[in-house]
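Novice: Please find input.cif (mmCIF, C-alpha atoms and all ligand atoms) on the next line:
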data_my_file
#
loop_
_atom_site.label_atom_id
_atom_site.label_comp_id
_atom_site.auth_asym_id
_atom_site.auth_seq_id
_atom_site.Cartn_x
_atom_site.Cartn_y
_atom_site.Cartn_z
CA MET A 1 -25.22 -25.33 24.15
CA VAL A 2 -24.28 -22.14 22.32
CA SER A 3 -21.83 -22.90 19.53
CA GLU A 4 -18.53 -21.10 19.34
CA GLN A 5 -19.62 -19.66 16.00
CA ALA A 6 -22.78 -18.15 17.46
CA THR A 7 -20.91 -16.38 20.26
CA ARG A 8 -18.65 -14.58 17.81
CA SER A 9 -19.64 -11.18 16.52
CA MET A 10 -20.86 -10.80 12.95
CA SER A 11 -17.61 -9.21 11.81
CA GLU A 12 -15.54 -11.96 13.44
CA ASN A 13 -17.58 -14.61 11.68
CA VAL A 14 -17.22 -12.88 8.32
CA LEU A 15 -13.47 -12.57 8.86
CA ALA A 16 -13.21 -16.21 9.90
CA GLY A 17 -14.91 -17.18 6.61
CA ASN A 18 -18.03 -18.61 8.32
CA ILE A 19 -20.36 -16.06 6.74
CA ALA A 20 -19.97 -14.59 3.26
CA SER A 21 -19.72 -10.81 3.42
CA ASP A 22 -21.95 -8.93 1.01
CA ARG A 23 -19.61 -5.96 1.12
CA PRO A 24 -17.21 -5.36 -1.77
CA ARG A 25 -13.81 -6.96 -1.19
CA VAL A 26 -10.83 -4.64 -0.71
CA PHE A 27 -7.24 -5.86 -0.99
CA SER A 28 -4.09 -3.79 -0.74
CA GLY A 29 -0.42 -4.27 0.05
CA ILE A 30 2.60 -2.39 1.28
CA GLN A 31 6.28 -3.34 1.21
CA PRO A 32 8.26 -3.72 4.44
CA THR A 33 11.15 -1.68 3.08
CA GLY A 34 11.49 0.81 5.94
CA ASN A 35 11.19 4.58 5.64
CA PHE A 36 7.39 4.64 5.85
CA HIS A 37 6.54 8.20 4.81
CA LEU A 38 3.76 10.75 4.73
CA GLY A 39 2.92 9.78 1.11
CA ASN A 40 2.32 6.16 2.16
CA TYR A 41 0.13 7.36 5.01
CA LEU A 42 -1.98 9.92 3.13
CA GLY A 43 -2.00 8.14 -0.25
CA ALA A 44 -2.85 4.69 1.08
CA ILE A 45 -2.96 3.71 4.76
CA ARG A 46 -5.25 6.43 6.05
CA ASN A 47 -7.78 5.53 3.36
CA TRP A 48 -7.56 1.83 4.29
CA VAL A 49 -8.29 2.76 7.90
CA ASP A 50 -11.13 5.19 7.11
CA GLN A 51 -12.92 2.73 4.82
CA GLN A 52 -12.72 -0.34 7.06
CA ASP A 53 -16.44 -0.39 7.86
CA ARG A 54 -17.53 -0.13 4.23
CA TYR A 55 -15.69 -3.17 2.87
CA ASP A 56 -14.57 -6.73 3.44
CA ASN A 57 -10.89 -5.88 3.93
CA ILE A 58 -7.64 -7.75 3.39
CA PHE A 59 -4.30 -5.96 3.90
CA CYS A 60 -0.98 -7.57 3.21
CA ILE A 61 2.62 -6.80 4.13
CA VAL A 62 4.30 -7.84 0.91
CA ASP A 63 7.67 -9.12 2.09
CA LEU A 64 8.26 -11.14 -1.09
CA HIS A 65 7.94 -7.95 -3.14
CA ALA A 66 10.55 -6.33 -0.89
CA LEU A 67 13.05 -8.98 -2.05
CA SER A 68 13.01 -7.44 -5.53
CA GLN A 69 15.51 -4.87 -4.26
CA SER A 70 18.57 -5.52 -2.18
CA THR A 71 17.90 -6.12 1.51
CA THR A 72 19.31 -8.16 4.36
CA ARG A 73 17.76 -10.90 6.46
CA ARG A 74 17.88 -8.71 9.53
CA SER A 75 16.40 -5.56 8.02
CA LEU A 76 13.61 -7.50 6.32
CA ARG A 77 12.62 -9.05 9.67
CA GLU A 78 12.82 -5.75 11.54
CA ASN A 79 10.95 -3.82 8.87
CA THR A 80 8.20 -6.44 8.76
CA VAL A 81 7.41 -6.29 12.48
CA ASN A 82 7.76 -2.52 12.52
CA LEU A 83 5.41 -2.09 9.55
CA ALA A 84 2.81 -4.36 11.15
CA ASN A 85 2.97 -2.09 14.17
CA VAL A 86 2.74 1.07 12.06
CA LEU A 87 -0.40 -0.33 10.42
CA LEU A 88 -1.96 -1.17 13.79
CA ALA A 89 -0.90 2.19 15.23
CA SER A 90 -2.47 3.96 12.23
CA GLY A 91 -5.81 2.32 13.06
CA LEU A 92 -6.07 -0.91 11.06
CA ASP A 93 -8.20 -3.14 13.26
CA PRO A 94 -7.73 -6.92 13.15
CA LEU A 95 -11.40 -7.35 14.08
CA ARG A 96 -12.49 -5.50 10.97
CA SER A 97 -9.66 -6.33 8.56
CA ILE A 98 -7.47 -9.30 7.79
CA ILE A 99 -3.84 -8.20 8.21
CA PHE A 100 -1.21 -10.74 7.17
CA LEU A 101 2.25 -11.39 5.81
CA GLN A 102 2.44 -12.39 2.15
CA SER A 103 5.10 -15.10 2.62
CA ASP A 104 2.87 -16.84 5.22
CA VAL A 105 0.42 -17.77 2.47
CA ARG A 106 2.39 -19.84 -0.08
CA GLU A 107 -0.44 -19.65 -2.62
CA HIS A 108 0.76 -16.15 -3.62
CA SER A 109 4.02 -17.53 -5.02
CA GLU A 110 2.27 -20.43 -6.72
CA LEU A 111 -0.32 -18.23 -8.42
CA CYS A 112 2.43 -15.81 -9.47
CA TRP A 113 4.09 -18.58 -11.46
CA LEU A 114 0.84 -19.78 -13.03
CA LEU A 115 -0.11 -16.22 -14.03
CA SER A 116 3.31 -15.64 -15.56
CA SER A 117 2.23 -18.02 -18.30
CA VAL A 118 -0.46 -15.53 -19.40
CA THR A 119 1.75 -12.45 -18.95
CA GLN A 120 3.88 -11.05 -21.74
CA TYR A 121 7.54 -10.29 -21.18
CA GLY A 122 7.06 -7.09 -23.22
CA GLU A 123 4.33 -5.75 -20.95
CA LEU A 124 6.49 -6.28 -17.86
CA ARG A 125 9.49 -4.60 -19.46
CA ARG A 126 7.35 -1.58 -20.33
CA MET A 127 6.03 -0.98 -16.77
CA THR A 128 6.97 2.51 -15.56
CA GLN A 129 8.05 1.24 -12.14
CA PHE A 130 10.38 -1.32 -13.72
CA LYS A 131 11.88 1.28 -16.04
CA ASP A 132 12.36 3.77 -13.17
CA LYS A 133 13.88 1.25 -10.77
CA ALA A 134 16.01 -0.50 -13.39
CA ALA A 135 17.17 2.97 -14.48
CA GLY A 136 18.85 1.62 -17.60
CA LYS A 137 20.68 -1.13 -15.69
CA ASP A 138 18.42 -3.94 -16.97
CA GLU A 139 21.34 -6.35 -17.14
CA GLN A 140 22.02 -6.11 -13.39
CA VAL A 141 18.65 -5.71 -11.67
CA SER A 142 16.98 -8.79 -10.24
CA ALA A 143 14.51 -10.71 -12.36
CA ALA A 144 12.20 -10.26 -9.34
CA LEU A 145 11.93 -6.57 -10.20
CA LEU A 146 10.60 -7.54 -13.63
CA PHE A 147 8.23 -10.14 -12.15
CA TYR A 148 7.01 -7.78 -9.42
CA PRO A 149 3.64 -6.95 -11.11
CA VAL A 150 2.85 -10.64 -11.69
CA LEU A 151 3.17 -11.32 -7.95
CA GLN A 152 1.04 -8.23 -7.31
CA ALA A 153 -1.62 -9.58 -9.71
CA ALA A 154 -1.53 -12.90 -7.82
CA ASP A 155 -2.03 -11.06 -4.49
CA ILE A 156 -5.09 -9.29 -5.81
CA LEU A 157 -6.68 -12.08 -7.88
CA LEU A 158 -6.41 -14.77 -5.17
CA TYR A 159 -9.04 -13.00 -3.08
CA GLU A 160 -11.72 -12.06 -5.66
CA THR A 161 -10.88 -8.43 -5.04
CA ASN A 162 -13.23 -5.70 -6.24
CA LEU A 163 -11.29 -2.63 -5.14
CA VAL A 164 -7.59 -1.90 -4.65
CA PRO A 165 -6.93 1.30 -2.66
CA VAL A 166 -3.48 2.59 -3.67
CA GLY A 167 -1.56 5.71 -4.59
CA GLU A 168 -1.45 6.95 -8.17
CA ASP A 169 1.87 5.20 -8.92
CA GLN A 170 0.17 1.79 -8.71
CA LYS A 171 -2.53 2.48 -11.31
CA GLN A 172 -0.55 0.85 -14.10
CA HIS A 173 -0.02 -2.33 -12.06
CA ILE A 174 -3.76 -2.63 -11.40
CA GLU A 175 -4.47 -2.17 -15.10
CA LEU A 176 -2.00 -4.94 -15.88
CA THR A 177 -3.70 -7.13 -13.26
CA ARG A 178 -6.99 -6.62 -15.11
CA ASP A 179 -5.35 -7.54 -18.43
CA ILE A 180 -3.84 -10.70 -16.93
CA ALA A 181 -7.19 -11.68 -15.37
CA SER A 182 -9.10 -11.06 -18.63
CA ARG A 183 -6.61 -13.08 -20.62
CA PHE A 184 -6.79 -15.95 -18.12
CA ASN A 185 -10.61 -15.87 -18.13
CA ALA A 186 -10.69 -15.87 -21.94
CA ARG A 187 -8.34 -18.85 -22.12
CA TYR A 188 -9.57 -20.99 -19.21
CA GLY A 189 -13.12 -19.77 -18.49
CA GLN A 190 -14.44 -17.23 -15.97
CA THR A 191 -12.17 -17.56 -12.92
CA PHE A 192 -11.04 -14.15 -11.74
CA VAL A 193 -12.91 -11.00 -10.72
CA LEU A 194 -11.56 -7.89 -12.50
CA PRO A 195 -10.42 -5.45 -9.78
CA ARG A 196 -10.71 -1.66 -9.95
CA PRO A 197 -8.15 0.77 -8.51
CA ASP A 198 -9.41 3.06 -5.73
CA ILE A 199 -7.28 6.17 -6.15
CA LYS A 200 -8.39 9.32 -4.37
CA PRO A 201 -8.52 12.59 -6.33
CA VAL A 202 -6.38 14.37 -3.70
CA GLY A 203 -3.26 12.99 -1.98
CA ALA A 204 -2.69 10.01 -4.26
CA ARG A 205 0.65 11.42 -5.37
CA LEU A 206 2.48 13.49 -2.78
CA MET A 207 5.64 14.93 -4.24
CA SER A 208 9.23 15.04 -2.99
CA LEU A 209 9.94 18.04 -0.74
CA GLU A 210 13.21 18.54 -2.60
CA ASP A 211 11.92 18.17 -6.15
CA PRO A 212 8.18 18.58 -6.83
CA SER A 213 8.50 16.81 -10.18
CA LYS A 214 9.28 13.49 -8.40
CA LYS A 215 6.98 11.51 -6.10
CA MET A 216 7.77 11.26 -2.39
CA SER A 217 9.39 7.84 -2.29
CA LYS A 218 10.76 5.31 0.21
CA SER A 219 13.72 4.67 -2.02
CA ASP A 220 14.77 8.29 -2.57
CA ALA A 221 18.46 8.56 -1.66
CA ASN A 222 17.89 12.09 -0.35
CA PRO A 223 16.52 11.88 3.23
CA ASN A 224 15.12 15.41 2.98
CA ALA A 225 12.75 14.42 0.16
CA ALA A 226 10.23 12.68 2.44
CA ILE A 227 8.78 13.10 5.92
CA ALA A 228 9.44 9.71 7.51
CA LEU A 229 7.39 8.34 10.38
CA THR A 230 10.68 7.83 12.21
CA ASP A 231 11.55 11.55 12.04
CA ASP A 232 11.51 13.46 15.32
CA PRO A 233 9.62 16.79 15.49
CA VAL A 234 12.79 18.84 14.96
CA THR A 235 13.68 16.90 11.83
CA MET A 236 10.14 17.12 10.44
CA THR A 237 10.09 20.87 11.02
CA ARG A 238 13.51 21.34 9.42
CA LYS A 239 12.49 19.31 6.35
CA ILE A 240 9.33 21.38 5.88
CA LYS A 241 11.13 24.68 6.35
CA ARG A 242 13.80 23.78 3.81
CA ALA A 243 11.31 22.25 1.34
CA VAL A 244 11.73 23.85 -2.08
CA THR A 245 9.14 26.46 -3.01
CA ASP A 246 8.15 28.06 -6.29
CA SER A 247 9.04 31.53 -7.53
CA GLY A 248 6.90 34.32 -6.06
CA THR A 249 5.49 34.44 -2.53
CA GLU A 250 1.82 33.55 -2.89
CA VAL A 251 0.39 30.53 -1.08
CA ILE A 252 -1.87 29.24 -3.86
CA ALA A 253 -2.41 25.89 -5.54
CA THR A 254 -1.89 26.14 -9.29
CA PRO A 255 -0.20 23.91 -11.86
CA ASP A 256 2.69 26.36 -12.23
CA LYS A 257 3.35 26.22 -8.46
CA PRO A 258 3.81 22.47 -7.92
CA ALA A 259 5.87 22.77 -4.72
CA ILE A 260 3.44 24.97 -2.79
CA THR A 261 0.50 23.00 -4.21
CA ASN A 262 2.04 19.86 -2.71
CA LEU A 263 2.45 21.53 0.71
CA LEU A 264 -1.12 22.89 0.58
CA THR A 265 -2.37 19.38 -0.24
CA ILE A 266 -0.60 17.96 2.82
CA PHE A 267 -1.93 20.77 5.03
CA SER A 268 -5.48 20.30 3.77
CA LEU A 269 -5.49 16.49 4.13
CA LEU A 270 -4.15 16.63 7.68
CA SER A 271 -6.24 19.55 8.94
CA GLY A 272 -9.44 18.77 7.04
CA GLU A 273 -9.60 22.39 5.81
CA PRO A 274 -10.28 22.97 2.10
CA ILE A 275 -7.33 24.27 0.07
CA ALA A 276 -9.34 27.39 -0.87
CA ALA A 277 -9.76 28.28 2.83
CA LEU A 278 -6.02 27.92 3.39
CA GLU A 279 -5.26 30.13 0.38
CA THR A 280 -7.46 32.84 1.89
CA ARG A 281 -5.94 32.47 5.36
CA TYR A 282 -2.35 32.78 4.10
CA ALA A 283 -2.98 35.46 1.46
CA GLY A 284 -0.20 38.04 1.73
CA LYS A 285 1.54 36.20 4.59
CA GLY A 286 4.27 34.53 2.51
CA TYR A 287 5.75 31.06 2.67
CA GLY A 288 7.41 31.35 6.10
CA ALA A 289 4.26 31.60 8.23
CA PHE A 290 2.56 28.92 6.16
CA LYS A 291 5.45 26.48 6.57
CA SER A 292 5.66 27.01 10.35
CA ASP A 293 1.98 26.18 10.75
CA LEU A 294 2.27 23.20 8.38
CA ALA A 295 5.18 21.82 10.44
CA GLU A 296 3.03 21.98 13.59
CA ILE A 297 0.16 20.19 11.87
CA VAL A 298 2.40 17.42 10.53
CA VAL A 299 4.12 16.86 13.88
CA ALA A 300 0.78 16.76 15.73
CA ALA A 301 -0.78 14.34 13.21
CA LEU A 302 2.08 11.85 13.30
CA ALA A 303 2.89 12.01 17.04
CA PRO A 304 0.13 9.61 18.21
CA ILE A 305 1.05 7.07 15.52
CA GLN A 306 4.72 7.30 16.50
CA LEU A 307 3.89 6.83 20.16
CA ARG A 308 1.64 3.84 19.59
CA THR A 309 4.15 2.27 17.16
CA ALA A 310 6.86 2.53 19.82
CA GLU A 311 4.59 0.88 22.40
CA LEU A 312 3.77 -1.95 20.01
CA ASN A 313 7.43 -2.37 19.03
CA ALA A 314 8.17 -2.99 22.70
CA ASN A 315 5.67 -5.90 22.60
CA PRO A 316 6.42 -7.67 19.30
CA GLU A 317 4.27 -10.67 20.28
CA ILE A 318 1.15 -8.59 19.53
CA ALA A 319 2.15 -8.14 15.87
CA ARG A 320 3.16 -11.80 15.66
CA SER A 321 -0.22 -13.01 16.83
CA VAL A 322 -2.16 -10.56 14.61
CA LEU A 323 -0.16 -11.70 11.56
CA ALA A 324 -0.49 -15.40 12.42
CA GLU A 325 -4.24 -15.13 12.81
CA GLY A 326 -4.52 -13.00 9.67
CA ALA A 327 -2.55 -15.59 7.69
CA ASP A 328 -4.89 -18.38 8.80
CA ARG A 329 -7.90 -16.41 7.61
CA ALA A 330 -6.29 -15.38 4.32
CA ARG A 331 -4.99 -18.89 3.67
CA ALA A 332 -8.44 -20.43 3.99
CA ARG A 333 -9.61 -18.24 1.12
CA ALA A 334 -6.44 -18.56 -0.96
CA VAL A 335 -6.43 -22.37 -0.82
CA ARG A 336 -10.00 -22.50 -2.16
CA LYS A 337 -9.16 -20.20 -5.06
CA MET A 338 -5.96 -22.05 -5.93
CA SER A 339 -7.70 -25.38 -6.23
CA GLU A 340 -10.12 -23.78 -8.70
CA VAL A 341 -7.21 -22.29 -10.70
CA ARG A 342 -5.28 -25.58 -10.80
CA GLU A 343 -8.37 -27.41 -11.95
CA ARG A 344 -9.04 -24.86 -14.73
CA MET A 345 -5.46 -25.01 -15.97
CA GLY A 346 -5.15 -28.79 -15.76
CA VAL A 347 -2.30 -28.58 -13.25
CA GLY A 348 -2.08 -31.74 -11.09
CA ILE A 349 -4.15 -34.92 -11.19
CA ASP A 350 -7.23 -35.42 -9.00
P1 LIG A 401 9.04 3.32 -3.59
O1 LIG A 401 8.76 4.76 -3.83
O2 LIG A 401 10.41 3.04 -3.11
O3 LIG A 401 8.61 2.46 -4.73
P2 LIG A 401 6.76 3.49 -2.05
O4 LIG A 401 7.00 4.71 -1.28
O5 LIG A 401 5.90 3.59 -3.28
O6 LIG A 401 8.13 2.85 -2.40
P3 LIG A 401 5.22 1.16 -1.30
O7 LIG A 401 5.29 0.22 -0.17
O8 LIG A 401 5.63 0.62 -2.60
O9 LIG A 401 6.14 2.42 -1.03
O10 LIG A 401 3.76 1.83 -1.37
C1 LIG A 401 2.76 1.70 -0.41
C2 LIG A 401 1.56 2.54 -0.79
O11 LIG A 401 1.87 3.94 -0.69
C3 LIG A 401 1.07 2.33 -2.23
O12 LIG A 401 -0.34 2.31 -2.27
C4 LIG A 401 1.60 3.53 -2.96
O13 LIG A 401 0.84 3.85 -4.12
C5 LIG A 401 1.46 4.60 -1.89
N1 LIG A 401 2.38 5.71 -2.13
C6 LIG A 401 3.71 5.61 -2.27
N2 LIG A 401 4.27 6.82 -2.48
C7 LIG A 401 3.24 7.72 -2.46
C8 LIG A 401 3.17 9.13 -2.64
N3 LIG A 401 4.25 9.85 -2.86
N4 LIG A 401 1.96 9.73 -2.57
C9 LIG A 401 0.85 8.99 -2.35
N5 LIG A 401 0.85 7.65 -2.19
C10 LIG A 401 2.03 7.00 -2.26
N1 LIG A 402 3.32 -2.67 -5.53
C1 LIG A 402 2.57 -2.14 -4.42
C2 LIG A 402 2.55 -3.07 -3.23
C3 LIG A 402 1.63 -4.20 -3.50
C4 LIG A 402 0.22 -4.12 -3.69
C5 LIG A 402 -0.20 -5.47 -3.90
C6 LIG A 402 -0.69 -3.06 -3.65
C7 LIG A 402 1.98 -5.51 -3.64
N2 LIG A 402 0.89 -6.26 -3.86
C8 LIG A 402 -1.55 -5.75 -4.12
C9 LIG A 402 -2.03 -3.38 -3.89
C10 LIG A 402 -2.44 -4.70 -4.12
C11 LIG A 402 3.15 -0.82 -4.03
O1 LIG A 402 2.49 -0.11 -3.37
N3 LIG A 402 4.33 -0.48 -4.41
#
Could you render the structure as structure tokens?
Ligand code: ATP
Ligand code: LTN
Specialist:
Amino acid sequence: MVSEQATRSMSENVLAGNIASDRPRVFSGIQPTGNFHLGNYLGAIRNWVDQQDRYDNIFCIVDLHALSQSTTRRSLRENTVNLANVLLASGLDPLRSIIFLQSDVREHSELCWLLSSVTQYGELRRMTQFKDKAAGKDEQVSAALLFYPVLQAADILLYETNLVPVGEDQKQHIELTRDIASRFNARYGQTFVLPRPDIKPVGARLMSLEDPSKKMSKSDANPNAAIALTDDPVTMTRKIKRAVTDSGTEVIATPDKPAITNLLTIFSLLSGEPIAALETRYAGKGYGAFKSDLAEIVVAALAPIQLRTAELNANPEIARSVLAEGADRARARAVRKMSEVRERMGVGID
């Protein structure tokens, strides 16, 4: 009789943990905080999708991280299912990648606490993201905002991750993860793999359409700063047309023209045309013609993802079953790693 394991495809067996993959392990996460934007797509998700066949992939919707800023029970639930559907609609494939919800695998919270014992309060307080989000109100922000990078380190280190594909803003958190892992290994013996960030040279930091000195961000209070996946074509076009530009009229990418450089970057990433070719095409044509064409490109690139997300949102049981299966696969790995960590630290009695 043919065993169940033999009838599964190679990739299914690797994902189920029956066969060790010899591909490098990728892990990344995204918060279910709503307002998924073009920066999230081009800086992170599209790269996750494009690289699926090269790596052994684990992608996580980090709902516990989302609790570091104020939210409600209802919006957290809605944003979680919606984000799972956005990820599937963008092309993440449950047959090639584990996709799961962080809170479904309790080992993340446990490892966070254990790692906090080898993390310095001073290094957390100095993190750029903490300083930006606390914005001088350290007395009022949640302690979860301070602890955020420790939970992120736990996410990454639980799975023997080699590569972490993220946008530029996360580089500091990956460096801290490496420091935490090195310190743990020095104190308790070789336990954790040191992960490397995978940050692309172009698109890893898309800027706000309203202020090119700030990154495009989910939490920007100004809705015109980001192109959201929930925007309709009219809204996307309006946001691009009103996007701030630099002095002069030339469509060229240079450090003293950060706004137009940002728009050229978006155009190039979505159309696949090199920035130099775009500069030539729009030479002497001014910002207006360039922005109209960019709006068309953005609308056309996001439309299929929007459509598919809406279809999946109408059938939430698909996301539920993908996440449940993903959690089972992730948990099998996390449990193994946690028992090694507990043993090394002397936590618990055999
Ligand atoms: P916030 O700005 O409120 O902190 P966020 O937009 O960074 O939220 P996350 O869920 O924290 O959203 O990030 C998901 C992924 O998107 C991360 O890999 C992050 O580095 C990437 N990312 C976020 N903003 C940008 C951006 N402006 N350009 C490129 N990548 C980005
Ligand atoms: N902090 C990340 C989200 C995140 C993450 C992770 C990314 C949580 N855990 C592990 C990579 C690996 C952010 O994008 N803001």
Novice: What residues of the protein or nucleic acid chains come within 9 Å of ligand LIG 401 (chain A) when you use only C-alpha atoms and all ligand atoms? Reply as number ranges by chain.
Specialist: A: 28-45, 61-62, 65-66, 129, 133, 164-171, 199, 203-208, 214-220, 226
Novice: Which residue, A:Arg74, A:Arg196, A:Arg342, A:Arg336, has the smallest gap to A:Leu115 when you use all atoms listed in the file?
Specialist: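 Of all the options, A:Arg342 lies closest to A:Leu115.
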Novice: For each of A:His173, A:Arg320, A:Lys239, A:Arg73, take the minimum atom-to-atom distance to ligand LIG 402 (chain A), counting only C-alpha atoms and all ligand atoms, then give the residue where this is smallest.
Specialist: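 Going through A:His173, A:Arg320, A:Lys239, A:Arg73 one by one, the smallest distance to ligand LIG 402 (chain A) is for A:His173.
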Novice: Using all atoms listed in the file, which residue out of A:Ala334, A:Ala253, A:Ile180, A:Cys60 lies closest to ligand LIG 402 (chain A)?
Specialist: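 Result for the nearest residue to ligand LIG 402 (chain A): A:Cys60.
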Novice: Using all atoms listed in the file, find each residue of stretch 227-339 of chain A with at least one atom at most 12 Å away from an atom of stretch 145-156 of chain A; report its shortest atom-to-atom pair and that distance in Å (one decimal), sort the rows by chain and rising residue number, and return the result as JSON lines.
Specialist:
{"residue": "A:Ala330", "atom": "CA", "partner": "A:Asp155", "partner_atom": "CA", "distance": 10.7}
{"residue": "A:Arg331", "atom": "CA", "partner": "A:Asp155", "partner_atom": "CA", "distance": 11.7}
{"residue": "A:Arg333", "atom": "CA", "partner": "A:Asp155", "partner_atom": "CA", "distance": 11.9}
{"residue": "A:Ala334", "atom": "CA", "partner": "A:Asp155", "partner_atom": "CA", "distance": 9.4}
{"residue": "A:Lys337", "atom": "CA", "partner": "A:Ala154", "partner_atom": "CA", "distance": 10.9}
{"residue": "A:Met338", "atom": "CA", "partner": "A:Ala154", "partner_atom": "CA", "distance": 10.3}
Novice: Give the answer as one residue: which of A:Pro274, A:Pro201, A:Pro195, A:Gly288 has the shortest atom-to-atom distance to ligand LIG 402 (chain A), using only C-alpha atoms and all ligand atoms?
Specialist: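 Closest to ligand LIG 402 (chain A) of all the choices is A:Pro195.
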Novice: Taking all atoms listed in the file into account, which of A:Thr128, A:Gln51, A:Ser90, A:Thr265 comes nearest ligand LIG 402 (chain A)?
Specialist: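 Residue with the minimum atom-to-atom distance to ligand LIG 402 (chain A): A:Thr128.
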Novice: Within 7 Å of stretch 259-261 of chain A, counting only C-alpha atoms, which residues show up once you throw out same-chain ones fewer than 2 positions away? Write them as a compact mmCIF listing (two decimals) with C-alpha atoms, in the coordinates of the input, please.
Specialist:
# COMPACT_ATOMS: atom_id res chain seq x y z
CA PRO A 212 8.18 18.58 -6.83
CA VAL A 244 11.73 23.85 -2.08
CA THR A 245 9.14 26.46 -3.01
CA ASP A 246 8.15 28.06 -6.29
CA VAL A 251 0.39 30.53 -1.08
CA ILE A 252 -1.87 29.24 -3.86
CA ALA A 253 -2.41 25.89 -5.54
CA THR A 254 -1.89 26.14 -9.29
CA LYS A 257 3.35 26.22 -8.46
CA LEU A 263 2.45 21.53 0.71
CA LEU A 264 -1.12 22.89 0.58
CA THR A 265 -2.37 19.38 -0.24
Novice: Would you pick out the contacts of A:Leu307 at 12 Å or less, using only C-alpha atoms, so that residues sharing its chain but fewer than 2 positions from it are not included, and give the list as a VMD selection string?
Specialist: chain A and resid 85 to 86 88 to 90 229 to 230 232 299 to 305 309 to 314
Novice: Report, in Å to a single decimal, how far apart atom CA of A:Trp113 and atom CA of A:Glu343 are.
Specialist: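 Separation between atom CA of A:Glu343 and atom CA of A:Trp113: 15.3 Å.
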Novice: What gap, in Å, lies between atom CA of A:Gly189 and atom CA of A:Met345?
Specialist: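 Here the two named atoms are 9.6 Å from each other.
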Novice: If you measure from atom CA of A:Glu123 to atom CA of A:Gly136, what distance in Å do you get, rounded to one decimal?
Specialist: 16.6 Å
Novice: Between A:Arg77, A:His108, A:Arg308, A:Arg126, which residue has the minimum interatomic distance to ligand LIG 402 (chain A), considering all atoms listed in the file?
Specialist: A:His108
Novice: Can you pull out every residue within 9 Å of A:Ser292, counting all atoms listed in the file, but drop anything in the same chain fewer than 6 positions away, and send it as a ChimeraX atom specification?
Specialist: /A:237,240-241
